[in-house]
$ cat structure_25.csv   # CSV, N, CA and C atoms
chain,number,residue,atom,x,y,z
A,71,SER,N,22.0,-22.6,2.9
A,71,SER,CA,21.5,-23.1,1.6
A,71,SER,C,22.5,-23.9,0.9
A,72,ARG,N,22.0,-24.6,-0.2
A,72,ARG,CA,22.8,-25.5,-1.0
A,72,ARG,C,24.0,-24.7,-1.6
A,73,PHE,N,23.7,-23.5,-2.1
A,73,PHE,CA,24.8,-22.8,-2.8
A,73,PHE,C,25.8,-22.3,-1.8
A,74,GLN,N,25.4,-22.0,-0.6
A,74,GLN,CA,26.3,-21.5,0.5
A,74,GLN,C,27.3,-22.7,0.8
A,75,ILE,N,26.8,-23.9,0.9
A,75,ILE,CA,27.6,-25.0,1.2
A,75,ILE,C,28.6,-25.3,0.1
A,76,ILE,N,28.1,-25.2,-1.2
A,76,ILE,CA,29.0,-25.4,-2.3
A,76,ILE,C,30.1,-24.4,-2.3
A,77,SER,N,29.7,-23.1,-2.1
A,77,SER,CA,30.7,-22.0,-2.1
A,77,SER,C,31.8,-22.2,-1.0
A,78,MET,N,31.4,-22.7,0.1
A,78,MET,CA,32.3,-22.9,1.2
A,78,MET,C,33.3,-24.0,0.9
A,79,ARG,N,32.8,-25.1,0.2
A,79,ARG,CA,33.7,-26.2,-0.2
A,79,ARG,C,34.6,-25.7,-1.3
A,80,ILE,N,34.2,-24.9,-2.2
A,80,ILE,CA,35.1,-24.4,-3.2
A,80,ILE,C,36.2,-23.5,-2.6
A,81,ILE,N,35.8,-22.6,-1.6
A,81,ILE,CA,36.8,-21.8,-0.9
A,81,ILE,C,37.7,-22.6,-0.1
A,82,GLN,N,37.3,-23.7,0.4
A,82,GLN,CA,38.2,-24.6,1.2
A,82,GLN,C,39.3,-25.1,0.2
A,83,GLN,N,38.9,-25.5,-1.0
A,83,GLN,CA,39.9,-26.0,-1.9
A,83,GLN,C,40.9,-24.9,-2.3
A,84,TYR,N,40.4,-23.7,-2.5
A,84,TYR,CA,41.2,-22.5,-2.8
A,84,TYR,C,42.2,-22.3,-1.7
A,85,GLY,N,41.8,-22.4,-0.5
A,85,GLY,CA,42.7,-22.2,0.7
A,85,GLY,C,43.7,-23.4,0.9
A,86,LYS,N,43.2,-24.6,0.6
A,86,LYS,CA,44.0,-25.8,0.7
A,86,LYS,C,45.3,-25.7,-0.1
A,87,TYR,N,45.2,-25.0,-1.2
A,87,TYR,CA,46.4,-24.9,-2.1
A,87,TYR,C,47.0,-23.5,-2.1
A,88,ASN,N,46.8,-22.8,-0.9
A,88,ASN,CA,47.5,-21.5,-0.7
A,88,ASN,C,47.0,-20.3,-1.5
A,89,GLY,N,45.7,-20.4,-1.8
A,89,GLY,CA,45.1,-19.2,-2.4
A,89,GLY,C,45.5,-18.8,-3.8
A,90,VAL,N,46.6,-18.0,-3.8
A,90,VAL,CA,47.0,-17.4,-5.1
A,90,VAL,C,47.4,-18.4,-6.1
A,91,PRO,N,48.2,-19.4,-5.8
A,91,PRO,CA,48.5,-20.5,-6.8
A,91,PRO,C,47.3,-21.2,-7.3
A,92,ALA,N,46.3,-21.5,-6.4
A,92,ALA,CA,45.1,-22.1,-6.8
A,92,ALA,C,44.3,-21.2,-7.7
A,93,GLY,N,44.2,-20.0,-7.4
A,93,GLY,CA,43.5,-19.0,-8.3
A,93,GLY,C,44.1,-19.0,-9.7
A,94,LYS,N,45.5,-19.0,-9.8
A,94,LYS,CA,46.1,-19.0,-11.1
A,94,LYS,C,45.7,-20.3,-11.9
A,95,VAL,N,45.7,-21.4,-11.2
A,95,VAL,CA,45.3,-22.7,-11.9
A,95,VAL,C,43.9,-22.6,-12.3
A,96,ILE,N,43.0,-22.1,-11.5
A,96,ILE,CA,41.6,-22.1,-11.8
A,96,ILE,C,41.4,-21.2,-13.0
A,97,MET,N,42.0,-20.0,-13.0
A,97,MET,CA,41.9,-19.1,-14.1
A,97,MET,C,42.4,-19.7,-15.4
A,98,LYS,N,43.5,-20.4,-15.3
A,98,LYS,CA,44.1,-21.0,-16.5
A,98,LYS,C,43.1,-22.0,-17.1
A,99,ASN,N,42.4,-22.8,-16.2
A,99,ASN,CA,41.5,-23.8,-16.7
A,99,ASN,C,40.2,-23.1,-17.2
A,100,LEU,N,40.0,-21.9,-16.9
A,100,LEU,CA,38.9,-21.1,-17.5
A,100,LEU,C,39.3,-20.4,-18.8
A,101,GLY,N,40.5,-20.6,-19.2
A,101,GLY,CA,41.0,-19.9,-20.4
A,101,GLY,C,41.8,-18.6,-20.2
A,102,LEU,N,42.1,-18.3,-19.0
A,102,LEU,CA,42.8,-17.1,-18.7
A,102,LEU,C,44.2,-17.4,-18.1
A,103,ASP,N,45.2,-17.6,-18.9
A,103,ASP,CA,46.5,-18.0,-18.4
A,103,ASP,C,47.2,-16.7,-17.9
A,104,MET,N,47.3,-16.6,-16.6
A,104,MET,CA,47.8,-15.4,-16.0
A,104,MET,C,49.3,-15.6,-15.5
A,105,GLY,N,49.9,-16.7,-15.9
A,105,GLY,CA,51.3,-16.9,-15.6
A,105,GLY,C,51.4,-17.5,-14.2
A,106,VAL,N,52.7,-17.5,-13.8
A,106,VAL,CA,53.0,-18.2,-12.5
A,106,VAL,C,52.8,-17.2,-11.3
A,107,PRO,N,52.6,-17.7,-10.1
A,107,PRO,CA,52.4,-16.8,-9.0
A,107,PRO,C,53.6,-16.0,-8.7
A,108,ARG,N,53.5,-14.8,-8.2
A,108,ARG,CA,54.6,-14.0,-7.7
A,108,ARG,C,55.1,-14.5,-6.4
A,109,LEU,N,56.4,-14.1,-6.1
A,109,LEU,CA,56.9,-14.5,-4.8
A,109,LEU,C,56.1,-13.8,-3.7
A,110,PRO,N,55.9,-14.4,-2.6
A,110,PRO,CA,56.6,-15.6,-2.1
A,110,PRO,C,55.8,-16.9,-2.4
A,111,PHE,N,54.9,-16.8,-3.3
A,111,PHE,CA,54.1,-18.0,-3.5
A,111,PHE,C,54.8,-18.9,-4.6
A,112,ASP,N,54.7,-20.2,-4.4
A,112,ASP,CA,55.2,-21.2,-5.3
A,112,ASP,C,54.1,-21.7,-6.2
A,113,ALA,N,54.4,-22.0,-7.4
A,113,ALA,CA,53.4,-22.6,-8.3
A,113,ALA,C,53.1,-24.0,-7.8
A,114,MET,N,51.9,-24.4,-8.1
A,114,MET,CA,51.4,-25.8,-7.7
A,114,MET,C,52.1,-26.8,-8.6
A,115,SER,N,52.3,-28.0,-8.0
A,115,SER,CA,52.8,-29.1,-8.8
A,115,SER,C,51.7,-29.6,-9.7
A,116,ILE,N,52.1,-30.4,-10.7
A,116,ILE,CA,51.1,-31.0,-11.6
A,116,ILE,C,50.1,-31.9,-10.8
A,117,ASN,N,50.6,-32.6,-9.8
A,117,ASN,CA,49.8,-33.5,-9.0
A,117,ASN,C,48.8,-32.6,-8.2
A,118,GLN,N,49.2,-31.5,-7.7
A,118,GLN,CA,48.3,-30.6,-6.9
A,118,GLN,C,47.2,-30.0,-7.9
A,119,GLU,N,47.7,-29.6,-9.1
A,119,GLU,CA,46.7,-29.1,-10.0
A,119,GLU,C,45.7,-30.1,-10.4
A,120,THR,N,46.1,-31.3,-10.6
A,120,THR,CA,45.2,-32.4,-11.0
A,120,THR,C,44.2,-32.7,-9.9
A,121,GLU,N,44.7,-32.7,-8.6
A,121,GLU,CA,43.8,-32.9,-7.5
A,121,GLU,C,42.8,-31.8,-7.3
A,122,LEU,N,43.3,-30.5,-7.5
A,122,LEU,CA,42.4,-29.4,-7.4
A,122,LEU,C,41.3,-29.5,-8.4
A,123,MET,N,41.7,-29.7,-9.7
A,123,MET,CA,40.7,-29.8,-10.7
A,123,MET,C,39.7,-30.9,-10.5
A,124,LYS,N,40.2,-32.1,-10.0
A,124,LYS,CA,39.3,-33.2,-9.7
A,124,LYS,C,38.2,-32.8,-8.7
A,125,GLU,N,38.7,-32.1,-7.6
A,125,GLU,CA,37.8,-31.7,-6.6
A,125,GLU,C,36.8,-30.7,-7.1
A,126,LEU,N,37.3,-29.7,-7.8
A,126,LEU,CA,36.4,-28.6,-8.3
A,126,LEU,C,35.3,-29.2,-9.3
A,127,LYS,N,35.7,-30.2,-10.1
A,127,LYS,CA,34.8,-30.9,-11.0
A,127,LYS,C,33.7,-31.6,-10.2
A,128,ARG,N,34.2,-32.3,-9.1
A,128,ARG,CA,33.3,-33.0,-8.3
A,128,ARG,C,32.3,-32.1,-7.6
A,129,LEU,N,32.7,-30.9,-7.4
A,129,LEU,CA,31.8,-29.9,-6.8
A,129,LEU,C,31.0,-29.1,-7.8
A,130,ASP,N,31.1,-29.5,-9.1
A,130,ASP,CA,30.4,-28.9,-10.2
A,130,ASP,C,30.8,-27.4,-10.4
A,131,PHE,N,32.0,-27.0,-9.9
A,131,PHE,CA,32.4,-25.6,-10.0
A,131,PHE,C,32.3,-25.0,-11.4
A,132,PHE,N,32.7,-25.8,-12.4
A,132,PHE,CA,32.7,-25.3,-13.7
A,132,PHE,C,31.3,-25.1,-14.3
A,133,ASN,N,30.3,-25.6,-13.7
A,133,ASN,CA,28.9,-25.4,-14.1
A,133,ASN,C,28.4,-24.1,-13.5
A,134,TYR,N,29.1,-23.5,-12.5
A,134,TYR,CA,28.6,-22.3,-11.9
A,134,TYR,C,29.4,-21.0,-12.4
A,135,VAL,N,30.5,-21.3,-13.1
A,135,VAL,CA,31.3,-20.1,-13.6
A,135,VAL,C,31.2,-19.9,-15.1
$ encode --input "structure_25.csv" --output "structure tokens"
Amino acid sequence: SRFQIISMRIIQQYGKYNGVPAGKVIMKNLGLDMGVPRLPFDAMSINQETELMKELKRLDFFNYV
């Protein structure tokens, strides 16, 4: 279904940026600043955050949450 495809694309973006760091950025953009990822994860760079947000906006992610 359409929603299954969208969810798979969103999860691909989450995984592309190593999961936990991407989750922190997503939550921050939803108004829940949970701080930096714990070790062994590194925080995402500003460029990575920008790219992730661009892709999620392209997928209309923020219209679904």
$ atom_distance --input "structure_25.csv" --atom1 "atom C of Tyr87 in chain A" --atom2 "atom N of Leu126 in chain A"
12.8 Å
$ atom_distance --input "structure_25.csv" --atom1 "atom N of Leu102 in chain A" --atom2 "atom N of Ile76 in chain A"
23.7 Å
$ atom_distance --input "structure_25.csv" --atom1 "atom C of Phe111 in chain A" --atom2 "atom C of Asn133 in chain A"
28.3 Å
$ select_by_dssp --input "structure_25.csv" --residues "chain A" --states "alpha helix (DSSP H)" --output "count of residues only"
42
$ closest_residue --input "structure_25.csv" --among "A:Gly105, A:Ala92, A:Val135, A:Phe73" --to "Glu121 in chain A" --atoms "only C-alpha atoms"
A:Ala92
$ residues_around --input "structure_25.csv" --residues "Ile80 in chain A" --least-positions-apart "5" --cutoff "8 Å" --atoms "all atoms listed in the file" --output "JSON, numbers by chain"
{"A": [74, 75, 85, 86, 125, 126, 129, 131]}
$ closest_residue --input "structure_25.csv" --among "A:Lys98, A:Asn88, A:Phe132, A:Ile81" --to "Pro110 in chain A" --atoms "only C-alpha atoms"
A:Asn88
